[in-house]
file protein_11.txt (compact mmCIF, C-alpha atoms and all ligand atoms)
# COMPACT_ATOMS: atom_id res chain seq x y z
CA MET W 1 -40.63 -20.76 -12.07
CA ALA W 2 -44.13 -21.55 -13.36
CA GLU W 3 -45.03 -25.19 -13.87
CA ALA W 4 -44.36 -26.21 -17.47
CA ARG W 5 -47.43 -25.93 -19.69
CA LEU W 6 -49.41 -24.74 -16.63
CA GLY W 7 -49.71 -28.38 -15.65
CA TYR W 8 -51.56 -29.27 -18.85
CA PRO W 9 -50.49 -32.57 -20.48
CA ASN W 10 -48.59 -33.15 -23.70
CA LEU W 11 -51.36 -34.85 -25.65
CA GLY W 12 -49.14 -35.86 -28.57
CA LEU W 13 -50.09 -35.33 -32.21
CA GLY W 14 -53.64 -34.25 -32.96
CA VAL W 15 -55.86 -33.22 -35.82
CA GLY W 16 -58.54 -30.56 -36.10
CA LEU W 17 -61.91 -32.32 -36.06
CA ARG W 18 -63.87 -31.56 -39.23
CA THR W 19 -67.33 -32.81 -40.13
CA VAL W 20 -66.18 -34.33 -43.45
CA HIS W 21 -64.11 -36.78 -41.42
CA PHE W 22 -66.88 -37.85 -39.06
CA PRO W 23 -67.77 -41.04 -40.98
CA HIS W 24 -64.15 -42.15 -41.22
CA ILE W 25 -63.47 -41.53 -37.55
CA LEU W 26 -66.59 -43.32 -36.38
CA LYS W 27 -65.98 -46.28 -38.68
CA HIS W 28 -62.23 -46.73 -38.29
CA GLY W 29 -61.34 -45.23 -34.93
CA PRO W 30 -58.00 -43.97 -36.27
CA GLY W 31 -54.94 -43.91 -34.02
CA VAL W 32 -54.76 -40.14 -33.73
CA ASP W 33 -53.83 -38.93 -30.24
CA TRP W 34 -56.43 -36.18 -29.80
CA PHE W 35 -58.79 -33.82 -31.57
CA GLU W 36 -59.31 -30.07 -31.45
CA ILE W 37 -62.79 -28.77 -32.14
CA ILE W 38 -63.87 -25.29 -33.19
CA SER W 39 -65.92 -24.40 -30.11
CA GLU W 40 -68.55 -22.39 -31.98
CA ASN W 41 -69.37 -25.33 -34.24
CA PHE W 42 -70.86 -27.20 -31.30
CA MET W 43 -71.94 -24.61 -28.73
CA ASP W 44 -75.33 -24.05 -30.29
CA SER W 45 -75.72 -27.28 -32.18
CA GLY W 46 -77.62 -30.31 -31.06
CA GLY W 47 -78.57 -33.08 -33.41
CA ARG W 48 -76.12 -35.16 -35.34
CA PRO W 49 -72.97 -33.00 -35.05
CA ARG W 50 -73.22 -32.88 -31.30
CA TYR W 51 -74.18 -36.56 -31.04
CA THR W 52 -71.13 -37.43 -33.14
CA LEU W 53 -68.87 -35.21 -31.04
CA ASP W 54 -70.06 -36.90 -27.88
CA GLN W 55 -69.18 -40.29 -29.36
CA ILE W 56 -65.73 -39.10 -30.38
CA ALA W 57 -65.16 -37.44 -27.00
CA GLU W 58 -65.71 -40.81 -25.33
CA ARG W 59 -62.69 -42.20 -27.20
CA TYR W 60 -60.30 -39.28 -27.65
CA PRO W 61 -59.09 -36.29 -25.64
CA ILE W 62 -60.80 -33.12 -26.88
CA VAL W 63 -59.44 -29.58 -26.86
CA MET W 64 -61.61 -26.54 -27.62
CA HIS W 65 -60.46 -23.76 -29.94
CA GLY W 66 -62.64 -20.66 -30.23
CA VAL W 67 -62.92 -17.98 -32.89
CA SER W 68 -65.46 -15.58 -31.31
CA LEU W 69 -64.27 -14.60 -27.84
CA SER W 70 -63.11 -11.27 -29.28
CA ILE W 71 -60.80 -10.55 -26.37
CA GLY W 72 -59.54 -7.35 -28.00
CA SER W 73 -62.94 -5.83 -28.79
CA THR W 74 -64.37 -2.79 -27.04
CA ASP W 75 -67.76 -4.50 -26.84
CA PRO W 76 -68.57 -5.83 -23.37
CA LEU W 77 -67.64 -9.46 -22.84
CA ASP W 78 -70.45 -11.76 -23.93
CA PHE W 79 -71.34 -13.81 -20.88
CA GLU W 80 -73.95 -15.80 -22.78
CA TYR W 81 -71.13 -16.93 -25.05
CA LEU W 82 -68.91 -17.72 -22.07
CA LYS W 83 -71.69 -19.67 -20.40
CA LYS W 84 -72.11 -21.88 -23.47
CA LEU W 85 -68.35 -22.23 -23.82
CA LYS W 86 -67.98 -23.41 -20.24
CA LYS W 87 -70.89 -25.82 -20.56
CA LEU W 88 -69.48 -27.40 -23.71
CA ALA W 89 -66.07 -27.75 -22.04
CA GLU W 90 -67.69 -29.59 -19.16
CA ASP W 91 -69.77 -31.78 -21.46
CA VAL W 92 -66.83 -33.02 -23.53
CA SER W 93 -64.29 -32.88 -20.69
CA ALA W 94 -62.15 -30.51 -22.74
CA CYS W 95 -58.49 -30.63 -21.76
CA TRP W 96 -58.25 -26.87 -22.29
CA ILE W 97 -59.83 -23.93 -24.09
CA SER W 98 -58.08 -21.55 -26.47
CA ASP W 99 -58.87 -18.49 -28.57
CA HIS W 100 -56.90 -15.80 -30.39
CA LEU W 101 -55.25 -12.49 -29.59
CA CYS W 102 -57.61 -10.53 -31.84
CA TRP W 103 -61.01 -8.94 -32.06
CA THR W 104 -63.80 -10.37 -34.18
CA GLY W 105 -66.52 -7.74 -34.08
CA VAL W 106 -67.97 -4.65 -32.50
CA ALA W 107 -71.43 -3.20 -31.82
CA GLY W 108 -72.76 -6.72 -31.46
CA ARG W 109 -71.69 -7.82 -34.91
CA ASN W 110 -69.44 -10.81 -35.57
CA THR W 111 -67.27 -10.45 -38.67
CA HIS W 112 -66.18 -14.11 -38.48
CA ASP W 113 -62.67 -12.84 -38.98
CA LEU W 114 -59.69 -12.71 -36.64
CA LEU W 115 -58.82 -9.03 -36.80
CA PRO W 116 -55.50 -7.69 -35.46
CA ILE W 117 -55.33 -5.22 -32.60
CA PRO W 118 -52.85 -2.38 -32.14
CA LEU W 119 -50.26 -3.55 -29.63
CA ASN W 120 -49.61 -0.78 -27.11
CA GLU W 121 -49.99 -0.05 -23.39
CA SER W 122 -53.61 0.93 -23.73
CA THR W 123 -54.70 -2.23 -25.54
CA PHE W 124 -52.54 -4.33 -23.23
CA ALA W 125 -54.38 -3.04 -20.16
CA HIS W 126 -57.69 -3.67 -21.92
CA VAL W 127 -56.88 -7.26 -22.93
CA ARG W 128 -55.27 -8.02 -19.56
CA GLU W 129 -58.40 -7.00 -17.68
CA ARG W 130 -60.67 -8.99 -19.97
CA MET W 131 -58.43 -12.05 -19.74
CA ARG W 132 -58.68 -11.91 -15.96
CA VAL W 133 -62.47 -11.76 -16.11
CA VAL W 134 -62.72 -14.58 -18.66
CA GLN W 135 -60.37 -16.86 -16.74
CA ASP W 136 -62.16 -16.14 -13.48
CA TYR W 137 -65.41 -17.10 -15.15
CA LEU W 138 -64.05 -20.25 -16.81
CA GLN W 139 -62.11 -21.14 -13.68
CA GLN W 140 -59.12 -22.26 -15.70
CA PRO W 141 -56.26 -20.69 -17.65
CA LEU W 142 -57.23 -19.75 -21.19
CA LEU W 143 -54.74 -20.23 -24.02
CA LEU W 144 -54.25 -17.33 -26.41
CA GLU W 145 -52.99 -17.95 -29.95
CA ASN W 146 -50.68 -15.62 -31.85
CA PRO W 147 -52.66 -14.63 -34.97
CA SER W 148 -51.44 -14.34 -38.54
CA SER W 149 -51.75 -10.76 -39.75
CA TYR W 150 -51.69 -8.70 -42.90
CA VAL W 151 -51.50 -5.16 -41.51
CA THR W 152 -49.73 -3.50 -38.64
CA PHE W 153 -50.69 -0.30 -36.82
CA ALA W 154 -48.77 2.96 -36.64
CA ASP W 155 -49.55 3.19 -32.93
CA SER W 156 -48.32 -0.31 -32.07
CA THR W 157 -45.38 0.06 -29.69
CA ILE W 158 -45.02 -3.46 -28.26
CA PRO W 159 -43.77 -6.45 -30.26
CA GLU W 160 -46.33 -9.24 -30.41
CA TRP W 161 -44.10 -11.67 -28.51
CA GLU W 162 -43.68 -9.15 -25.69
CA PHE W 163 -47.41 -8.43 -25.58
CA LEU W 164 -48.15 -12.14 -25.24
CA GLY W 165 -45.32 -12.67 -22.77
CA ARG W 166 -46.58 -9.91 -20.52
CA LEU W 167 -50.11 -11.32 -20.68
CA VAL W 168 -48.73 -14.67 -19.55
CA GLU W 169 -46.91 -12.97 -16.68
CA GLU W 170 -49.75 -10.78 -15.51
CA THR W 171 -52.76 -13.06 -16.07
CA GLN W 172 -51.20 -16.54 -15.83
CA CYS W 173 -52.79 -17.46 -19.14
CA GLY W 174 -51.24 -20.01 -21.47
CA LEU W 175 -50.16 -19.73 -25.09
CA LEU W 176 -51.11 -21.61 -28.20
CA LEU W 177 -48.11 -21.07 -30.45
CA ASP W 178 -48.99 -21.24 -34.13
CA VAL W 179 -45.66 -21.55 -35.90
CA ASN W 180 -47.26 -21.14 -39.31
CA ASN W 181 -48.79 -17.86 -38.13
CA ILE W 182 -45.38 -16.66 -36.98
CA TYR W 183 -43.99 -17.51 -40.41
CA VAL W 184 -46.87 -15.88 -42.32
CA SER W 185 -46.63 -12.68 -40.27
CA SER W 186 -42.82 -12.64 -40.51
CA VAL W 187 -43.00 -12.59 -44.30
CA ASN W 188 -45.89 -10.11 -44.42
CA HIS W 189 -44.22 -7.72 -41.97
CA ASP W 190 -40.57 -8.48 -42.69
CA PHE W 191 -39.29 -9.68 -39.34
CA ASP W 192 -37.13 -12.64 -38.36
CA PRO W 193 -39.33 -15.54 -37.17
CA TYR W 194 -36.42 -16.97 -35.19
CA GLU W 195 -36.11 -13.71 -33.28
CA TYR W 196 -39.81 -14.04 -32.44
CA LEU W 197 -39.18 -17.55 -31.12
CA GLU W 198 -36.27 -16.27 -29.03
CA HIS W 199 -38.70 -14.23 -26.95
CA VAL W 200 -41.54 -16.72 -26.50
CA PRO W 201 -42.08 -17.77 -22.84
CA PHE W 202 -42.00 -21.45 -23.71
CA GLU W 203 -42.82 -22.68 -20.22
CA SER W 204 -46.33 -21.29 -20.80
CA VAL W 205 -46.81 -22.73 -24.29
CA VAL W 206 -49.36 -25.52 -23.95
CA GLN W 207 -50.03 -26.29 -27.59
CA CYS W 208 -48.59 -25.77 -31.07
CA HIS W 209 -50.50 -25.28 -34.30
CA LEU W 210 -49.21 -26.27 -37.71
CA ALA W 211 -50.89 -25.47 -41.02
CA GLY W 212 -50.32 -24.75 -44.67
CA HIS W 213 -50.66 -21.30 -46.23
CA THR W 214 -50.91 -19.73 -49.66
CA ASN W 215 -48.01 -17.82 -51.15
CA CYS W 216 -49.34 -14.86 -53.15
CA SER W 217 -45.75 -13.75 -53.95
CA THR W 218 -46.20 -10.29 -52.40
CA HIS W 219 -47.68 -11.70 -49.20
CA LEU W 220 -48.77 -14.94 -47.56
CA ILE W 221 -52.32 -15.85 -46.60
CA ASP W 222 -53.08 -18.23 -43.78
CA THR W 223 -55.41 -20.51 -45.74
CA HIS W 224 -54.97 -23.88 -43.97
CA ASP W 225 -55.46 -25.61 -47.29
CA SER W 226 -52.25 -27.56 -47.89
CA GLU W 227 -49.21 -29.27 -46.39
CA VAL W 228 -46.90 -27.52 -43.96
CA ILE W 229 -43.89 -26.04 -45.76
CA ASP W 230 -40.30 -26.90 -44.80
CA ARG W 231 -39.54 -23.48 -43.31
CA VAL W 232 -42.46 -23.82 -40.94
CA TRP W 233 -41.34 -27.31 -39.98
CA GLU W 234 -37.92 -25.88 -39.14
CA LEU W 235 -39.54 -23.31 -36.86
CA TYR W 236 -41.47 -26.14 -35.25
CA ARG W 237 -38.20 -27.97 -34.62
CA VAL W 238 -37.01 -25.02 -32.53
CA ALA W 239 -40.34 -24.64 -30.74
CA HIS W 240 -40.46 -28.33 -29.91
CA GLN W 241 -36.93 -28.31 -28.60
CA ARG W 242 -37.57 -25.23 -26.44
CA THR W 243 -40.74 -26.71 -24.93
CA GLY W 244 -39.24 -30.15 -24.40
CA GLY W 245 -42.28 -31.71 -26.05
CA ILE W 246 -45.63 -30.15 -26.74
CA ALA W 247 -49.16 -31.07 -27.81
CA THR W 248 -49.13 -30.43 -31.55
CA LEU W 249 -52.07 -30.06 -33.88
CA LEU W 250 -52.48 -29.77 -37.62
CA GLU W 251 -55.19 -27.42 -38.92
CA TRP W 252 -56.57 -28.21 -42.38
CA ASP W 253 -59.70 -26.24 -43.17
CA ALA W 254 -60.08 -25.90 -46.94
CA ASN W 255 -59.56 -28.38 -49.74
CA ILE W 256 -59.70 -30.91 -46.95
CA PRO W 257 -58.22 -34.25 -48.08
CA PRO W 258 -59.11 -37.70 -46.69
CA PHE W 259 -58.45 -38.17 -43.00
CA GLU W 260 -55.42 -40.40 -43.60
CA VAL W 261 -53.70 -37.58 -45.49
CA VAL W 262 -54.31 -35.03 -42.74
CA HIS W 263 -53.17 -37.48 -40.11
CA ALA W 264 -50.04 -38.39 -42.06
CA GLU W 265 -49.17 -34.70 -42.31
CA VAL W 266 -49.13 -34.18 -38.54
CA LEU W 267 -47.17 -37.37 -38.05
CA LYS W 268 -44.34 -35.73 -40.00
CA ALA W 269 -43.78 -33.74 -36.79
CA LYS W 270 -41.91 -36.76 -35.42
CA GLN W 271 -39.09 -35.98 -37.83
CA TYR W 272 -38.57 -32.61 -36.12
CA MET W 273 -38.68 -33.68 -32.50
CA GLY W 274 -35.04 -34.54 -31.90
CA SER W 275 -34.82 -36.64 -28.78
CA HIS W 276 -38.14 -35.39 -27.44
CA LEU W 277 -40.36 -37.98 -29.11
CA PRO W 278 -43.66 -38.25 -27.26
CA GLU W 279 -45.34 -41.53 -26.47
CA THR W 280 -48.22 -41.53 -28.92
CA LYS W 281 -50.67 -44.08 -30.12
CA SER W 282 -50.49 -42.73 -33.66
CA SER W 283 -50.04 -45.50 -36.15
CA GLU W 284 -51.53 -44.48 -39.45
CA SER W 285 -49.06 -43.37 -42.08
CA ASP W 286 -50.94 -43.26 -45.35
CA ARG W 287 -49.17 -40.57 -47.33
CA SER W 288 -51.39 -40.65 -50.37
CA ALA W 289 -51.39 -37.60 -52.56
CA THR W 290 -53.16 -34.49 -51.37
CA GLN W 291 -56.30 -33.53 -53.23
CA LYS W 292 -55.98 -29.91 -54.22
CA SER W 293 -58.26 -27.64 -56.12
CA ALA W 294 -58.60 -23.89 -56.41
CA VAL W 295 -57.33 -21.57 -53.67
CA PRO W 296 -60.23 -21.05 -51.26
CA HIS W 297 -61.45 -17.85 -49.76
CA PRO W 298 -58.72 -16.88 -47.29
CA LEU W 299 -61.17 -16.44 -44.45
CA HIS W 300 -62.92 -19.74 -45.01
CA TYR W 301 -61.49 -21.44 -41.99
CA VAL W 302 -62.72 -18.96 -39.42
CA ALA W 303 -66.33 -19.17 -40.53
CA PRO W 304 -68.30 -21.52 -38.30
CA GLU W 305 -68.53 -24.90 -39.92
CA VAL W 306 -71.85 -25.97 -38.45
CA GLN W 307 -73.56 -28.56 -40.59
FE FE K 401 -53.77 -21.66 -35.60
call {"tool": "encode", "arguments": {"input": "protein_11.txt", "output": "structure tokens"}}
result
Amino acid sequence: MAEARLGYPNLGLGVGLRTVHFPHILKHGPGVDWFEIISENFMDSGGRPRYTLDQIAERYPIVMHGVSLSIGSTDPLDFEYLKKLKKLAEDVSACWISDHLCWTGVAGRNTHDLLPIPLNESTFAHVRERMRVVQDYLQQPLLLENPSSYVTFADSTIPEWEFLGRLVEETQCGLLLDVNNIYVSSVNHDFDPYEYLEHVPFESVVQCHLAGHTNCSTHLIDTHDSEVIDRVWELYRVAHQRTGGIATLLEWDANIPPFEVVHAEVLKAKQYMGSHLPETKSSESDRSATQKSAVPHPLHYVAPEVQ
């Protein structure tokens, strides 16, 4: 049996690093366990954002989460991109690198969106080959995240969980399991999210994502702009139990409240961990009210946030 989490550590409870929180983090050094950065926000940036990241990376474990690998695209792999990705990972001693099971562009254009791919034997062979090349280049297992989706394809023949499970088997990649994405897709495509969880190869899940979404009554949109809903927390309870403890991160990318609020939201995960409580250094528990405004553009969070 494969080593649990591919040998990667359980980092505890983390928060997505966002520039609006830089001053708070630098001033207060909050007791969050780790941060996840959007890789593209720092790959090309020098100056203050990168200087700040370097300071934060000296104090906290950093994980890199990409939105432009485009593993499902028919464009050739972008080795300039991979070179920068690898360099950044070395610079900040990233614990691991992740991206999404999706495509983000074609003919050299980046849509800044995480677009779904048809799931069939042909696309599986395509993604499998590209994953092998990418992992060979990075010299480490890459984590792939299950995306949220709003359409399915008539020529999809493989359930998403099986597609990901076979990728794990045949490429030795890891998984980033976004339980909110499972929930969003389950409502949009009318499947049972618990059945999805039944088929996840949990020994290869290295990280979980949690986030809020927007309920548009006929469908859900993965907006990352609010608290995690109870049904998603209940899915997380199962995921946590099946992994035996897993690095868990809250994504909050629009209507971003003060850092204490975001941190308090991820700390709620402790209530769903059963007997698998991790040893964390988290201590902040300010549960002040969330600042909400209008619903943001649904694709806001995938646009690079370089400032
Ligand atoms: Fe996610």
call {"tool": "closest_atom_pairs", "arguments": {"input": "protein_11.txt", "of": "chain W", "to": "ligand FE 401 (chain K)", "cutoff": "10 Å", "atoms": "only C-alpha atoms and all ligand atoms", "output": "tab-separated table"}}
result
residue	atom	partner	partner_atom	distance
W:His65	CA	K:FE401	FE	9.0
W:Asp99	CA	K:FE401	FE	9.2
W:His100	CA	K:FE401	FE	8.4
W:Glu145	CA	K:FE401	FE	6.8
W:Asn146	CA	K:FE401	FE	7.8
W:Pro147	CA	K:FE401	FE	7.1
W:Ser148	CA	K:FE401	FE	8.2
W:Leu176	CA	K:FE401	FE	7.9
W:Leu177	CA	K:FE401	FE	7.7
W:Asp178	CA	K:FE401	FE	5.0
W:Val179	CA	K:FE401	FE	8.1
W:Asn180	CA	K:FE401	FE	7.5
W:Asn181	CA	K:FE401	FE	6.8
W:Ile182	CA	K:FE401	FE	9.9
W:Gln207	CA	K:FE401	FE	10.0
W:Cys208	CA	K:FE401	FE	8.0
W:His209	CA	K:FE401	FE	5.0
W:Leu210	CA	K:FE401	FE	6.8
W:Ala211	CA	K:FE401	FE	7.2
W:Asp222	CA	K:FE401	FE	8.9
W:His224	CA	K:FE401	FE	8.7
W:Leu249	CA	K:FE401	FE	8.7
W:Leu250	CA	K:FE401	FE	8.5
W:Glu251	CA	K:FE401	FE	6.8
W:Trp252	CA	K:FE401	FE	9.8
call {"tool": "closest_residue", "arguments": {"input": "protein_11.txt", "among": "W:Gly47, W:Val15, W:His213, W:Leu142", "to": "Glu260 (chain W)", "atoms": "all atoms listed in the file"}}
result
W:Val15
call {"tool": "residues_around", "arguments": {"input": "protein_11.txt", "residues": "Gly108 (chain W)", "least_positions_apart": "2", "cutoff": "10 Å", "atoms": "only C-alpha atoms", "output": "ChimeraX atom specification"}}
result
/W:75-76,78,105-106,110-111
call {"tool": "closest_atom_pairs", "arguments": {"input": "protein_11.txt", "of": "region 58-104 of chain W", "to": "region 26-43 of chain W", "cutoff": "9 Å", "atoms": "only C-alpha atoms", "output": "JSON lines"}}
result
{"residue": "W:Arg59", "atom": "CA", "partner": "W:Gly29", "partner_atom": "CA", "distance": 8.4}
{"residue": "W:Tyr60", "atom": "CA", "partner": "W:Trp34", "partner_atom": "CA", "distance": 5.4}
{"residue": "W:Pro61", "atom": "CA", "partner": "W:Trp34", "partner_atom": "CA", "distance": 4.9}
{"residue": "W:Ile62", "atom": "CA", "partner": "W:Phe35", "partner_atom": "CA", "distance": 5.2}
{"residue": "W:Val63", "atom": "CA", "partner": "W:Glu36", "partner_atom": "CA", "distance": 4.6}
{"residue": "W:Met64", "atom": "CA", "partner": "W:Ile37", "partner_atom": "CA", "distance": 5.2}
{"residue": "W:His65", "atom": "CA", "partner": "W:Ile38", "partner_atom": "CA", "distance": 5.0}
{"residue": "W:Gly66", "atom": "CA", "partner": "W:Ser39", "partner_atom": "CA", "distance": 5.0}
{"residue": "W:Val67", "atom": "CA", "partner": "W:Glu40", "partner_atom": "CA", "distance": 7.2}
{"residue": "W:Ser68", "atom": "CA", "partner": "W:Glu40", "partner_atom": "CA", "distance": 7.5}
{"residue": "W:Tyr81", "atom": "CA", "partner": "W:Met43", "partner_atom": "CA", "distance": 8.6}
{"residue": "W:Lys84", "atom": "CA", "partner": "W:Met43", "partner_atom": "CA", "distance": 5.9}
{"residue": "W:Leu85", "atom": "CA", "partner": "W:Met43", "partner_atom": "CA", "distance": 6.5}
{"residue": "W:Lys87", "atom": "CA", "partner": "W:Met43", "partner_atom": "CA", "distance": 8.3}
{"residue": "W:Leu88", "atom": "CA", "partner": "W:Met43", "partner_atom": "CA", "distance": 6.2}
{"residue": "W:Ala89", "atom": "CA", "partner": "W:Ser39", "partner_atom": "CA", "distance": 8.7}
{"residue": "W:Ile97", "atom": "CA", "partner": "W:Ser39", "partner_atom": "CA", "distance": 8.6}
call {"tool": "atom_distance", "arguments": {"input": "protein_11.txt", "atom1": "CA of Glu80 (chain W)", "atom2": "CA of Arg166 (chain W)"}}
result
28.1 Å
